Structures are given as C-alpha cells and as structure tokens.
$ cat work_35.pdb   # PDB, C-alpha atoms and all ligand atoms
ATOM      1  CA  MET A 282      97.774 161.168 145.397  1.00  0.00           C
ATOM      2  CA  ALA A 283      98.454 160.113 148.952  1.00  0.00           C
ATOM      3  CA  ARG A 284      96.074 161.202 151.696  1.00  0.00           C
ATOM      4  CA  GLU A 285      97.214 162.307 155.153  1.00  0.00           C
ATOM      5  CA  GLY A 286      98.885 159.442 157.032  1.00  0.00           C
ATOM      6  CA  GLU A 287      98.995 157.094 154.073  1.00  0.00           C
ATOM      7  CA  TYR A 288     102.231 155.362 153.185  1.00  0.00           C
ATOM      8  CA  ARG A 289     103.787 153.234 150.491  1.00  0.00           C
ATOM      9  CA  ILE A 290     104.899 149.616 150.847  1.00  0.00           C
ATOM     10  CA  ILE A 291     107.638 148.490 148.507  1.00  0.00           C
ATOM     11  CA  ASN A 292     107.898 144.743 147.975  1.00  0.00           C
ATOM     12  CA  PHE A 293     110.973 142.824 146.878  1.00  0.00           C
ATOM     13  CA  HIS A 294     111.499 139.140 146.095  1.00  0.00           C
ATOM     14  CA  GLY A 295     114.957 137.777 145.265  1.00  0.00           C
ATOM     15  CA  ILE A 296     118.298 139.528 144.784  1.00  0.00           C
ATOM     16  CA  GLY A 297     121.345 138.357 142.836  1.00  0.00           C
ATOM     17  CA  GLU A 298     121.669 134.891 141.328  1.00  0.00           C
ATOM     18  CA  PRO A 299     118.784 132.573 142.281  1.00  0.00           C
ATOM     19  CA  ARG A 300     120.026 129.454 144.040  1.00  0.00           C
ATOM     20  CA  ARG A 301     116.963 127.409 143.212  1.00  0.00           C
ATOM     21  CA  GLU A 302     114.775 126.796 140.169  1.00  0.00           C
ATOM     22  CA  LEU A 303     112.379 129.714 139.720  1.00  0.00           C
ATOM     23  CA  GLU A 304     108.649 129.435 139.139  1.00  0.00           C
ATOM     24  CA  PRO A 305     107.241 130.550 135.743  1.00  0.00           C
ATOM     25  CA  GLY A 306     107.354 134.367 135.541  1.00  0.00           C
ATOM     26  CA  GLU A 307     109.257 134.693 138.798  1.00  0.00           C
ATOM     27  CA  ALA A 308     112.499 135.909 137.176  1.00  0.00           C
ATOM     28  CA  ASP A 309     110.783 139.259 136.445  1.00  0.00           C
ATOM     29  CA  TYR A 310     110.840 139.931 140.202  1.00  0.00           C
ATOM     30  CA  TRP A 311     114.502 139.175 140.792  1.00  0.00           C
ATOM     31  CA  LEU A 312     116.853 142.149 140.904  1.00  0.00           C
ATOM     32  CA  SER A 313     120.594 142.324 140.491  1.00  0.00           C
ATOM     33  CA  ARG A 314     122.465 143.252 143.644  1.00  0.00           C
ATOM     34  CA  ASP A 315     123.470 146.601 142.117  1.00  0.00           C
ATOM     35  CA  ARG A 316     119.899 147.477 141.157  1.00  0.00           C
ATOM     36  CA  PHE A 317     118.670 146.553 144.626  1.00  0.00           C
ATOM     37  CA  LEU A 318     121.319 148.752 146.261  1.00  0.00           C
ATOM     38  CA  THR A 319     120.424 151.687 144.009  1.00  0.00           C
ATOM     39  CA  ILE A 320     116.756 151.341 144.954  1.00  0.00           C
ATOM     40  CA  ILE A 321     117.322 151.147 148.703  1.00  0.00           C
ATOM     41  CA  ASP A 322     119.717 154.119 148.438  1.00  0.00           C
ATOM     42  CA  SER A 323     116.805 156.032 146.848  1.00  0.00           C
ATOM     43  CA  ILE A 324     114.531 154.990 149.710  1.00  0.00           C
ATOM     44  CA  ALA A 325     117.085 155.829 152.425  1.00  0.00           C
ATOM     45  CA  SER A 326     117.701 159.320 151.016  1.00  0.00           C
ATOM     46  CA  HIS A 327     114.090 160.040 150.071  1.00  0.00           C
ATOM     47  CA  PRO A 328     112.466 163.104 151.679  1.00  0.00           C
ATOM     48  CA  GLN A 329     109.387 160.954 152.424  1.00  0.00           C
ATOM     49  CA  ARG A 330     111.430 158.053 153.771  1.00  0.00           C
ATOM     50  CA  GLU A 331     109.201 157.828 156.863  1.00  0.00           C
ATOM     51  CA  SER A 332     106.242 157.127 154.565  1.00  0.00           C
ATOM     52  CA  VAL A 333     107.853 154.145 152.884  1.00  0.00           C
ATOM     53  CA  SER A 334     107.843 150.575 154.259  1.00  0.00           C
ATOM     54  CA  ILE A 335     109.756 147.642 152.830  1.00  0.00           C
ATOM     55  CA  THR A 336     108.750 143.986 152.590  1.00  0.00           C
ATOM     56  CA  PHE A 337     110.171 140.827 151.025  1.00  0.00           C
ATOM     57  CA  ASP A 338     108.231 137.768 149.880  1.00  0.00           C
ATOM     58  CA  ASP A 339     109.108 134.072 149.585  1.00  0.00           C
ATOM     59  CA  GLY A 340     111.978 133.711 152.096  1.00  0.00           C
ATOM     60  CA  ASN A 341     114.848 133.563 149.616  1.00  0.00           C
ATOM     61  CA  ALA A 342     118.391 133.105 150.948  1.00  0.00           C
ATOM     62  CA  SER A 343     119.232 136.574 149.574  1.00  0.00           C
ATOM     63  CA  ASP A 344     117.014 138.088 152.305  1.00  0.00           C
ATOM     64  CA  LEU A 345     119.793 137.467 154.808  1.00  0.00           C
ATOM     65  CA  LEU A 346     122.846 137.204 152.535  1.00  0.00           C
ATOM     66  CA  ILE A 347     122.260 140.547 150.806  1.00  0.00           C
ATOM     67  CA  ALA A 348     119.143 142.451 151.828  1.00  0.00           C
ATOM     68  CA  ALA A 349     119.196 142.615 155.613  1.00  0.00           C
ATOM     69  CA  PRO A 350     122.848 143.767 156.057  1.00  0.00           C
ATOM     70  CA  GLU A 351     122.438 146.418 153.343  1.00  0.00           C
ATOM     71  CA  LEU A 352     119.175 147.657 154.871  1.00  0.00           C
ATOM     72  CA  ARG A 353     120.789 147.891 158.300  1.00  0.00           C
ATOM     73  CA  ARG A 354     123.736 149.821 156.870  1.00  0.00           C
ATOM     74  CA  ARG A 355     121.223 152.447 155.716  1.00  0.00           C
ATOM     75  CA  GLY A 356     119.168 152.450 158.911  1.00  0.00           C
ATOM     76  CA  LEU A 357     116.247 150.700 157.198  1.00  0.00           C
ATOM     77  CA  ARG A 358     114.102 147.841 158.451  1.00  0.00           C
ATOM     78  CA  ALA A 359     111.820 145.458 156.602  1.00  0.00           C
ATOM     79  CA  GLU A 360     109.264 142.718 157.121  1.00  0.00           C
ATOM     80  CA  PHE A 361     110.104 139.335 155.561  1.00  0.00           C
ATOM     81  CA  PHE A 362     107.219 137.066 154.523  1.00  0.00           C
ATOM     82  CA  ILE A 363     108.406 133.474 154.610  1.00  0.00           C
ATOM     83  CA  LEU A 364     107.162 130.313 152.899  1.00  0.00           C
ATOM     84  CA  THR A 365     107.607 127.787 155.666  1.00  0.00           C
ATOM     85  CA  GLY A 366     107.544 124.804 153.276  1.00  0.00           C
ATOM     86  CA  ARG A 367     110.841 126.061 151.839  1.00  0.00           C
ATOM     87  CA  ILE A 368     112.671 126.615 155.133  1.00  0.00           C
ATOM     88  CA  GLY A 369     116.084 124.940 154.928  1.00  0.00           C
ATOM     89  CA  HIS A 370     115.780 124.151 151.210  1.00  0.00           C
ATOM     90  CA  PRO A 371     118.608 125.199 148.872  1.00  0.00           C
ATOM     91  CA  GLY A 372     118.227 128.880 147.941  1.00  0.00           C
ATOM     92  CA  SER A 373     115.799 129.595 150.782  1.00  0.00           C
ATOM     93  CA  LEU A 374     116.255 130.729 154.374  1.00  0.00           C
ATOM     94  CA  ALA A 375     117.004 128.149 157.049  1.00  0.00           C
ATOM     95  CA  SER A 376     115.446 128.478 160.510  1.00  0.00           C
ATOM     96  CA  ASP A 377     118.746 129.888 161.862  1.00  0.00           C
ATOM     97  CA  ASP A 378     118.610 132.546 159.137  1.00  0.00           C
ATOM     98  CA  ILE A 379     115.110 133.566 160.203  1.00  0.00           C
ATOM     99  CA  GLU A 380     116.308 133.852 163.795  1.00  0.00           C
ATOM    100  CA  ALA A 381     119.197 135.993 162.549  1.00  0.00           C
ATOM    101  CA  LEU A 382     116.806 138.318 160.716  1.00  0.00           C
ATOM    102  CA  THR A 383     114.784 138.727 163.909  1.00  0.00           C
ATOM    103  CA  ALA A 384     117.951 139.470 165.879  1.00  0.00           C
ATOM    104  CA  MET A 385     118.782 142.175 163.330  1.00  0.00           C
ATOM    105  CA  GLY A 386     115.514 143.926 164.150  1.00  0.00           C
ATOM    106  CA  MET A 387     113.629 142.675 161.094  1.00  0.00           C
ATOM    107  CA  ARG A 388     110.011 141.545 161.312  1.00  0.00           C
ATOM    108  CA  ILE A 389     108.763 138.178 160.143  1.00  0.00           C
ATOM    109  CA  GLY A 390     105.414 137.411 158.535  1.00  0.00           C
ATOM    110  CA  SER A 391     103.789 134.418 156.874  1.00  0.00           C
ATOM    111  CA  HIS A 392     103.537 133.808 153.129  1.00  0.00           C
ATOM    112  CA  GLY A 393     101.933 130.412 153.777  1.00  0.00           C
ATOM    113  CA  VAL A 394     103.510 126.987 153.479  1.00  0.00           C
ATOM    114  CA  ASP A 395     103.696 126.030 149.806  1.00  0.00           C
ATOM    115  CA  HIS A 396     103.139 129.123 147.627  1.00  0.00           C
ATOM    116  CA  LYS A 397      99.622 128.256 146.552  1.00  0.00           C
ATOM    117  CA  ASP A 398      97.002 130.621 145.155  1.00  0.00           C
ATOM    118  CA  TRP A 399      94.785 131.014 148.220  1.00  0.00           C
ATOM    119  CA  THR A 400      91.727 131.842 146.086  1.00  0.00           C
ATOM    120  CA  LYS A 401      91.919 128.435 144.402  1.00  0.00           C
ATOM    121  CA  ILE A 402      92.373 125.976 147.279  1.00  0.00           C
ATOM    122  CA  PRO A 403      89.661 124.462 149.533  1.00  0.00           C
ATOM    123  CA  THR A 404      89.055 126.147 152.890  1.00  0.00           C
ATOM    124  CA  PRO A 405      90.736 123.388 154.985  1.00  0.00           C
ATOM    125  CA  ALA A 406      93.873 123.684 152.833  1.00  0.00           C
ATOM    126  CA  LEU A 407      93.843 127.469 153.211  1.00  0.00           C
ATOM    127  CA  ARG A 408      93.509 127.118 156.983  1.00  0.00           C
ATOM    128  CA  HIS A 409      96.503 124.796 156.967  1.00  0.00           C
ATOM    129  CA  GLU A 410      98.546 127.330 154.954  1.00  0.00           C
ATOM    130  CA  LEU A 411      97.675 130.064 157.451  1.00  0.00           C
ATOM    131  CA  GLU A 412      97.915 128.155 160.715  1.00  0.00           C
ATOM    132  CA  ALA A 413     100.844 125.788 160.118  1.00  0.00           C
ATOM    133  CA  SER A 414     103.048 128.574 158.726  1.00  0.00           C
ATOM    134  CA  ARG A 415     102.260 130.889 161.603  1.00  0.00           C
ATOM    135  CA  THR A 416     102.935 128.217 164.223  1.00  0.00           C
ATOM    136  CA  ARG A 417     106.268 127.293 162.634  1.00  0.00           C
ATOM    137  CA  LEU A 418     107.438 130.902 162.376  1.00  0.00           C
ATOM    138  CA  GLN A 419     106.411 131.667 165.949  1.00  0.00           C
ATOM    139  CA  GLU A 420     108.376 128.638 167.155  1.00  0.00           C
ATOM    140  CA  ILE A 421     111.451 129.871 165.285  1.00  0.00           C
ATOM    141  CA  CYS A 422     111.225 133.568 166.193  1.00  0.00           C
ATOM    142  CA  GLY A 423     109.661 133.356 169.637  1.00  0.00           C
ATOM    143  CA  VAL A 424     107.402 136.290 168.828  1.00  0.00           C
ATOM    144  CA  ASP A 425     103.821 136.617 167.645  1.00  0.00           C
ATOM    145  CA  VAL A 426     103.467 136.547 163.852  1.00  0.00           C
ATOM    146  CA  GLN A 427     100.705 138.982 162.980  1.00  0.00           C
ATOM    147  CA  SER A 428     100.902 139.564 159.238  1.00  0.00           C
ATOM    148  CA  ALA A 429     100.410 137.458 156.129  1.00  0.00           C
ATOM    149  CA  SER A 430     101.249 138.288 152.536  1.00  0.00           C
ATOM    150  CA  LEU A 431      99.090 136.878 149.767  1.00  0.00           C
ATOM    151  CA  PRO A 432     100.873 134.507 147.361  1.00  0.00           C
ATOM    152  CA  PHE A 433     100.875 136.127 143.879  1.00  0.00           C
ATOM    153  CA  GLY A 434      98.792 138.948 145.391  1.00  0.00           C
ATOM    154  CA  TRP A 435      95.526 137.055 144.771  1.00  0.00           C
ATOM    155  CA  TYR A 436      92.645 137.396 147.206  1.00  0.00           C
ATOM    156  CA  ASN A 437      88.889 137.550 147.568  1.00  0.00           C
ATOM    157  CA  SER A 438      86.583 138.204 150.497  1.00  0.00           C
ATOM    158  CA  ALA A 439      86.598 134.543 151.638  1.00  0.00           C
ATOM    159  CA  VAL A 440      90.420 134.514 151.738  1.00  0.00           C
ATOM    160  CA  LEU A 441      90.526 137.733 153.755  1.00  0.00           C
ATOM    161  CA  LEU A 442      87.967 136.324 156.187  1.00  0.00           C
ATOM    162  CA  GLU A 443      90.080 133.202 156.775  1.00  0.00           C
ATOM    163  CA  ILE A 444      93.207 135.288 157.333  1.00  0.00           C
ATOM    164  CA  ARG A 445      91.354 137.263 160.010  1.00  0.00           C
ATOM    165  CA  ARG A 446      89.968 134.076 161.546  1.00  0.00           C
ATOM    166  CA  ALA A 447      93.484 132.653 161.803  1.00  0.00           C
ATOM    167  CA  GLY A 448      94.383 135.605 164.026  1.00  0.00           C
ATOM    168  CA  TYR A 449      96.369 137.810 161.678  1.00  0.00           C
ATOM    169  CA  ILE A 450      95.908 141.558 161.918  1.00  0.00           C
ATOM    170  CA  ALA A 451      97.084 142.461 158.416  1.00  0.00           C
ATOM    171  CA  ALA A 452      97.059 140.974 154.894  1.00  0.00           C
ATOM    172  CA  TYR A 453      99.537 142.335 152.348  1.00  0.00           C
ATOM    173  CA  SER A 454      98.487 142.318 148.702  1.00  0.00           C
ATOM    174  CA  SER A 455     100.348 143.432 145.585  1.00  0.00           C
ATOM    175  CA  SER A 456      97.721 145.825 144.274  1.00  0.00           C
ATOM    176  CA  GLY A 457      99.881 148.956 144.232  1.00  0.00           C
ATOM    177  CA  GLY A 458      99.005 152.411 145.529  1.00  0.00           C
ATOM    178  CA  ASN A 459      98.891 153.783 149.055  1.00  0.00           C
ATOM    179  CA  ALA A 460      98.340 151.929 152.324  1.00  0.00           C
ATOM    180  CA  ALA A 461      96.238 153.381 155.122  1.00  0.00           C
ATOM    181  CA  PRO A 462      97.404 153.113 158.743  1.00  0.00           C
ATOM    182  CA  GLY A 463      95.404 150.540 160.688  1.00  0.00           C
ATOM    183  CA  SER A 464      93.748 148.970 157.649  1.00  0.00           C
ATOM    184  CA  PHE A 465      93.629 145.183 157.449  1.00  0.00           C
ATOM    185  CA  LEU A 466      94.413 145.000 153.741  1.00  0.00           C
ATOM    186  CA  LYS A 467      97.767 146.572 152.871  1.00  0.00           C
ATOM    187  CA  PRO A 468      98.437 147.177 149.169  1.00  0.00           C
ATOM    188  CA  ARG A 469     102.068 146.966 148.107  1.00  0.00           C
ATOM    189  CA  THR A 470     104.005 147.696 144.952  1.00  0.00           C
ATOM    190  CA  SER A 471     106.341 144.924 143.819  1.00  0.00           C
ATOM    191  CA  ILE A 472     109.602 146.038 142.258  1.00  0.00           C
ATOM    192  CA  ARG A 473     110.455 144.266 139.003  1.00  0.00           C
ATOM    193  CA  PHE A 474     113.778 143.994 137.191  1.00  0.00           C
ATOM    194  CA  ASP A 475     112.469 146.542 134.660  1.00  0.00           C
ATOM    195  CA  THR A 476     111.019 149.074 137.139  1.00  0.00           C
ATOM    196  CA  THR A 477     112.587 152.354 135.974  1.00  0.00           C
ATOM    197  CA  ASP A 478     113.934 155.151 138.148  1.00  0.00           C
ATOM    198  CA  ALA A 479     111.044 157.362 136.967  1.00  0.00           C
ATOM    199  CA  THR A 480     108.462 154.769 137.999  1.00  0.00           C
ATOM    200  CA  LEU A 481     110.230 154.233 141.314  1.00  0.00           C
ATOM    201  CA  ALA A 482     110.136 157.977 141.994  1.00  0.00           C
ATOM    202  CA  ARG A 483     106.349 157.998 141.447  1.00  0.00           C
ATOM    203  CA  ILE A 484     105.885 154.899 143.588  1.00  0.00           C
ATOM    204  CA  LEU A 485     107.852 156.416 146.485  1.00  0.00           C
ATOM    205  CA  THR A 486     105.775 159.609 146.505  1.00  0.00           C
ATOM    206  CA  GLY A 487     102.466 157.789 146.073  1.00  0.00           C
ATOM    207  CA  GLN A 488     101.868 159.278 142.642  1.00  0.00           C
ATOM    208  CA  MET A 489     101.159 156.150 140.723  1.00  0.00           C
ATOM    209  CA  PRO A 490      99.986 156.562 137.136  1.00  0.00           C
ATOM    210  CA  ILE A 491      96.186 156.409 136.853  1.00  0.00           C
ATOM    211  CA  TRP A 492      96.218 153.337 134.617  1.00  0.00           C
ATOM    212  CA  ARG A 493      97.964 151.436 137.324  1.00  0.00           C
ATOM    213  CA  SER A 494      95.419 152.397 139.982  1.00  0.00           C
ATOM    214  CA  VAL A 495      92.588 151.387 137.690  1.00  0.00           C
ATOM    215  CA  ARG A 496      94.235 148.092 136.854  1.00  0.00           C
ATOM    216  CA  SER A 497      94.786 147.381 140.556  1.00  0.00           C
ATOM    217  CA  GLU A 498      91.122 148.008 141.285  1.00  0.00           C
ATOM    218  CA  VAL A 499      90.013 145.755 138.458  1.00  0.00           C
ATOM    219  CA  ARG A 500      92.440 143.076 139.471  1.00  0.00           C
ATOM    220  CA  ALA A 501      91.313 143.211 143.101  1.00  0.00           C
ATOM    221  CA  ARG A 502      87.669 142.960 142.153  1.00  0.00           C
ATOM    222  CA  PHE A 503      87.750 140.389 139.411  1.00  0.00           C
ATOM    223  CA  ARG A 504      90.964 138.543 140.166  1.00  0.00           C
ATOM    224  CA  ILE A 505      92.383 138.879 136.662  1.00  0.00           C
TER
HETATM  225 ZN    ZN B   1     105.417 134.740 146.713  1.00  0.00          ZN
END

$ encode --input "work_35.pdb" --output "structure tokens"
Amino acid sequence: MAREGEYRIINFHGIGEPRRELEPGEADYWLSRDRFLTIIDSIASHPQRESVSITFDDGNASDLLIAAPELRRRGLRAEFFILTGRIGHPGSLASDDIEALTAMGMRIGSHGVDHKDWTKIPTPALRHELEASRTRLQEICGVDVQSASLPFGWYNSAVLLEIRRAGYIAAYSSSGGNAAPGSFLKPRTSIRFDTTDATLARILTGQMPIWRSVRSEVRARFRI
C-alpha cells in the first residue's frame, strides 16, 4: 500500500511500429498506439491522477510522433529519458525533436549514451555515459538535466554513487512499487504489451501484488 505522499511512476518505451531493429526482449515493452491511448486515458481519468507520473525510456521517435501530442491533449506531462548515442538515428529522436518536446512542456532526462548495463562497465566508461549524455542534452534543451534512468533498470551502490557524483539529483529504476517524494532512487513500473487492465489498475493505486514487491526487492539487492 502507498504511504502518505508516495506516488507511482509509470514507464513506457516505444509505441506503434518500431522504425529500427529492436534489442533482444525489447519488443515486450512496445505497445500498440491503441493500447497506449487506452492506458493514458485511464491515467488521465484516474481519481489518483495527481499521484501518477509518466516517463519514457530510450528516446524513440514515437515519443514525439505519438506520445507527447496525446499526453498534451489529456493535460498530462512526462519526462523523456534519452539515449544520446541514438540521437538522429532512424527510429530515434533527432535533436530538433528533443527541443520540440521541451517546448511542449515535457522534461528531458538522460538514459546514457549507448544503452549499456551500468553495473557491468568500468567506472571511466560509466562516467562517460553519465557526463557526455548530460552535456549533450543540456546543449540541446538549454536547461539543466537533473535525472537519469538506469538502462534495463540495473543498478548497485557504486552506480548510484557515480550518478550522484555526476550531479544528478534522481535515478529512475524499474523496480516497481511506490516512489517517495525527495528520494534519490525512484522506482518505476514499466508497462509491457501484456500488462492487463487489472494489473494497470493495481499499479495506478499503488497496490502491487506482494510477489512483485518481493521480486523487486530481490532484484534490487542481487541484480538478478
Ligand atoms: Zn532503455
């Protein structure tokens, strides 16, 4: 159950037909346009709408082509975590697109440069992922980039320390459950193509099934 002040962060990836080759397992996180619209309708009309935040990972072209206009139509905002190594590549956002998202009132965060597992790369490479992506996004948007989302949701204490050292004030995981205001680590729930309406309803009210909470804890601790 959610405690006072806690909120839920819903994470999306791609919408519609991918316009690039997907990574192994990635297709599970792509939604049809219709399914996406149904889900954001549920969020927009939810009685606890103020306790739900929305994010997107990877910087897919569908962020601007589909997501942002539909969010705006419903009075919703989101934070988009961009992979700067993909900027301008087919199927991904171009720098003009990122500017357009900012102009639409959307927030921009870093997802690193090349979609690497940050727990498995040497510290200098991790610093490059964190610093180069942030610099590039700040140049494009003209505003301070303060948040990072963890590729594949993986993290450990050393990764979190480096994210702090790079000057970010929040790190977004994919561990599920509720997020606490002001906390550095922000757990999110990623929506999959097979996330049912019943599961979505529990996610939006912060009533995740116990097994899921336990699995998130185990995953966070042991990185499985
Ligand atoms: Zn990602």

$ resolve_selection --input "work_35.pdb" --expression "the PyMOL selection byres (((chain A and resi 416) around 12) and not hetatm)" --output "list of chain:residue names"
A:Thr365, A:Gly390, A:Ser391, A:Gly393, A:Val394, A:Arg408, A:His409, A:Glu410, A:Leu411, A:Glu412, A:Ala413, A:Ser414, A:Arg415, A:Arg417, A:Leu418, A:Gln419, A:Glu420, A:Ile421, A:Cys422, A:Gly423, A:Val424, A:Asp425, A:Val426, A:Gln427, A:Ala447, A:Gly448, A:Tyr449

$ resolve_selection --input "work_35.pdb" --expression "the PyMOL selection byres (((chain A and resi 487) around 10) and not hetatm)" --output "list in words"
Met282, Ala283, Arg284, Glu287, Tyr288, Arg289, Ile290, Gln329, Ser332, Val333, Gly457, Gly458, Asn459, Ala460, Leu481, Ala482, Arg483, Ile484, Leu485, Thr486, Gln488, Met489 and Pro490 of chain A

$ closest_atom_pairs --input "work_35.pdb" --of "chain A" --to "ligand ZN 1 (chain B)" --cutoff "6 Å" --atoms "all atoms listed in the file" --output "Markdown table"
| residue | atom | partner | partner_atom | distance |
| --- | --- | --- | --- | --- |
| A:Asp338 | CA | B:ZN1 | ZN | 5.2 |
| A:Asp339 | CA | B:ZN1 | ZN | 4.7 |
| A:Pro432 | CA | B:ZN1 | ZN | 4.6 |
| A:Phe433 | CA | B:ZN1 | ZN | 5.5 |

$ residues_around --input "work_35.pdb" --residues "Leu374 of chain A" --least-positions-apart "4" --cutoff "12 Å" --atoms "all atoms listed in the file" --output "PyMOL selection string"
chain A and resi 295+300-301+338-346+361-370+378-382+418+421

$ write_last_selection --input "work_35.pdb" --atoms "C-alpha atoms" --output "mmCIF file, keeping the file's coordinate frame"
data_model
loop_
_atom_site.group_PDB
_atom_site.id
_atom_site.type_symbol
_atom_site.label_atom_id
_atom_site.label_comp_id
_atom_site.auth_asym_id
_atom_site.auth_seq_id
_atom_site.Cartn_x
_atom_site.Cartn_y
_atom_site.Cartn_z
ATOM 1 C CA GLY A 295 114.957 137.777 145.265
ATOM 2 C CA ARG A 300 120.026 129.454 144.040
ATOM 3 C CA ARG A 301 116.963 127.409 143.212
ATOM 4 C CA ASP A 338 108.231 137.768 149.880
ATOM 5 C CA ASP A 339 109.108 134.072 149.585
ATOM 6 C CA GLY A 340 111.978 133.711 152.096
ATOM 7 C CA ASN A 341 114.848 133.563 149.616
ATOM 8 C CA ALA A 342 118.391 133.105 150.948
ATOM 9 C CA SER A 343 119.232 136.574 149.574
ATOM 10 C CA ASP A 344 117.014 138.088 152.305
ATOM 11 C CA LEU A 345 119.793 137.467 154.808
ATOM 12 C CA LEU A 346 122.846 137.204 152.535
ATOM 13 C CA PHE A 361 110.104 139.335 155.561
ATOM 14 C CA PHE A 362 107.219 137.066 154.523
ATOM 15 C CA ILE A 363 108.406 133.474 154.610
ATOM 16 C CA LEU A 364 107.162 130.313 152.899
ATOM 17 C CA THR A 365 107.607 127.787 155.666
ATOM 18 C CA GLY A 366 107.544 124.804 153.276
ATOM 19 C CA ARG A 367 110.841 126.061 151.839
ATOM 20 C CA ILE A 368 112.671 126.615 155.133
ATOM 21 C CA GLY A 369 116.084 124.940 154.928
ATOM 22 C CA HIS A 370 115.780 124.151 151.210
ATOM 23 C CA ASP A 378 118.610 132.546 159.137
ATOM 24 C CA ILE A 379 115.110 133.566 160.203
ATOM 25 C CA GLU A 380 116.308 133.852 163.795
ATOM 26 C CA ALA A 381 119.197 135.993 162.549
ATOM 27 C CA LEU A 382 116.806 138.318 160.716
ATOM 28 C CA LEU A 418 107.438 130.902 162.376
ATOM 29 C CA ILE A 421 111.451 129.871 165.285
#

$ closest_residue --input "work_35.pdb" --among "A:Asp377, A:Glu331, A:Glu298, A:Asp478" --to "Arg358 of chain A" --atoms "only C-alpha atoms"
A:Glu331

$ closest_residue --input "work_35.pdb" --among "A:Ala479, A:Ala452, A:Ile347, A:Ala406" --to "Ser323 of chain A" --atoms "only C-alpha atoms"
A:Ala479

$ residues_around --input "work_35.pdb" --residues "Ser438 of chain A" --least-positions-apart "4" --cutoff "10 Å" --atoms "all atoms listed in the file" --output "ChimeraX atom specification"
/A:400,442-444,502

$ residues_around --input "work_35.pdb" --residues "segment 462-470 of chain A" --least-positions-apart "6" --cutoff "6 Å" --atoms "only C-alpha atoms" --output "JSON, numbers by chain"
{"A": [290, 291, 292, 451, 452, 453, 454, 455, 456]}

$ closest_residue --input "work_35.pdb" --among "A:Leu312, A:Ala429, A:Met385, A:Ile320" --to "Asp475 of chain A" --atoms "only C-alpha atoms"
A:Leu312

$ resolve_selection --input "work_35.pdb" --expression "the PyMOL selection byres (((chain A and resi 310) around 7) and not hetatm)" --output "list of chain:residue names"
A:His294, A:Gly295, A:Glu307, A:Ala308, A:Asp309, A:Trp311, A:Leu312, A:Ile472, A:Arg473, A:Phe474

$ atom_distance --input "work_35.pdb" --atom1 "atom CA of Pro350 of chain A" --atom2 "atom CA of Leu431 of chain A"
25.5 Å

$ atom_distance --input "work_35.pdb" --atom1 "atom CA of Thr383 of chain A" --atom2 "atom CA of Pro328 of chain A"
27.4 Å

$ closest_residue --input "work_35.pdb" --among "A:Glu304, A:Leu357, A:Lys401, A:Thr319" --to "Asn437 of chain A" --atoms "all atoms listed in the file"
A:Lys401

$ decode --input "work_35.pdb" --residues "segment 404-419 of chain A" --atoms "N, CA and C atoms" --output "JSON list (two decimals), in the first residue's frame"
[["chain", "number", "residue", "atom", "x", "y", "z"],
["A", 404, "THR", "N", 34.38, 2.03, -14.37],
["A", 404, "THR", "CA", 33.99, 3.35, -13.87],
["A", 404, "THR", "C", 34.20, 4.48, -14.89],
["A", 405, "PRO", "N", 35.37, 4.53, -15.59],
["A", 405, "PRO", "CA", 35.53, 5.63, -16.57],
["A", 405, "PRO", "C", 34.47, 5.59, -17.67],
["A", 406, "ALA", "N", 34.08, 4.39, -18.09],
["A", 406, "ALA", "CA", 33.04, 4.27, -19.12],
["A", 406, "ALA", "C", 31.69, 4.73, -18.57],
["A", 407, "LEU", "N", 31.42, 4.40, -17.31],
["A", 407, "LEU", "CA", 30.17, 4.84, -16.70],
["A", 407, "LEU", "C", 30.14, 6.37, -16.59],
["A", 408, "ARG", "N", 31.27, 6.93, -16.20],
["A", 408, "ARG", "CA", 31.34, 8.41, -16.10],
["A", 408, "ARG", "C", 31.08, 9.05, -17.45],
["A", 409, "HIS", "N", 31.62, 8.44, -18.50],
["A", 409, "HIS", "CA", 31.37, 8.96, -19.85],
["A", 409, "HIS", "C", 29.88, 8.89, -20.18],
["A", 410, "GLU", "N", 29.25, 7.75, -19.89],
["A", 410, "GLU", "CA", 27.80, 7.61, -20.15],
["A", 410, "GLU", "C", 27.03, 8.73, -19.46],
["A", 411, "LEU", "N", 27.39, 9.01, -18.22],
["A", 411, "LEU", "CA", 26.64, 9.98, -17.42],
["A", 411, "LEU", "C", 26.93, 11.42, -17.82],
["A", 412, "GLU", "N", 28.21, 11.71, -18.06],
["A", 412, "GLU", "CA", 28.60, 13.11, -18.30],
["A", 412, "GLU", "C", 28.36, 13.54, -19.74],
["A", 413, "ALA", "N", 28.76, 12.69, -20.71],
["A", 413, "ALA", "CA", 28.60, 13.07, -22.11],
["A", 413, "ALA", "C", 27.12, 13.20, -22.48],
["A", 414, "SER", "N", 26.29, 12.31, -21.95],
["A", 414, "SER", "CA", 24.85, 12.38, -22.29],
["A", 414, "SER", "C", 24.23, 13.64, -21.70],
["A", 415, "ARG", "N", 24.61, 13.94, -20.49],
["A", 415, "ARG", "CA", 24.04, 15.12, -19.83],
["A", 415, "ARG", "C", 24.44, 16.41, -20.56],
["A", 416, "THR", "N", 25.73, 16.49, -20.90],
["A", 416, "THR", "CA", 26.22, 17.67, -21.61],
["A", 416, "THR", "C", 25.48, 17.86, -22.93],
["A", 417, "ARG", "N", 25.33, 16.77, -23.68],
["A", 417, "ARG", "CA", 24.67, 16.85, -24.99],
["A", 417, "ARG", "C", 23.21, 17.30, -24.84],
["A", 418, "LEU", "N", 22.52, 16.72, -23.87],
["A", 418, "LEU", "CA", 21.10, 17.06, -23.69],
["A", 418, "LEU", "C", 20.94, 18.51, -23.23],
["A", 419, "GLN", "N", 21.85, 18.95, -22.38],
["A", 419, "GLN", "CA", 21.77, 20.34, -21.90],
["A", 419, "GLN", "C", 22.03, 21.32, -23.04]]
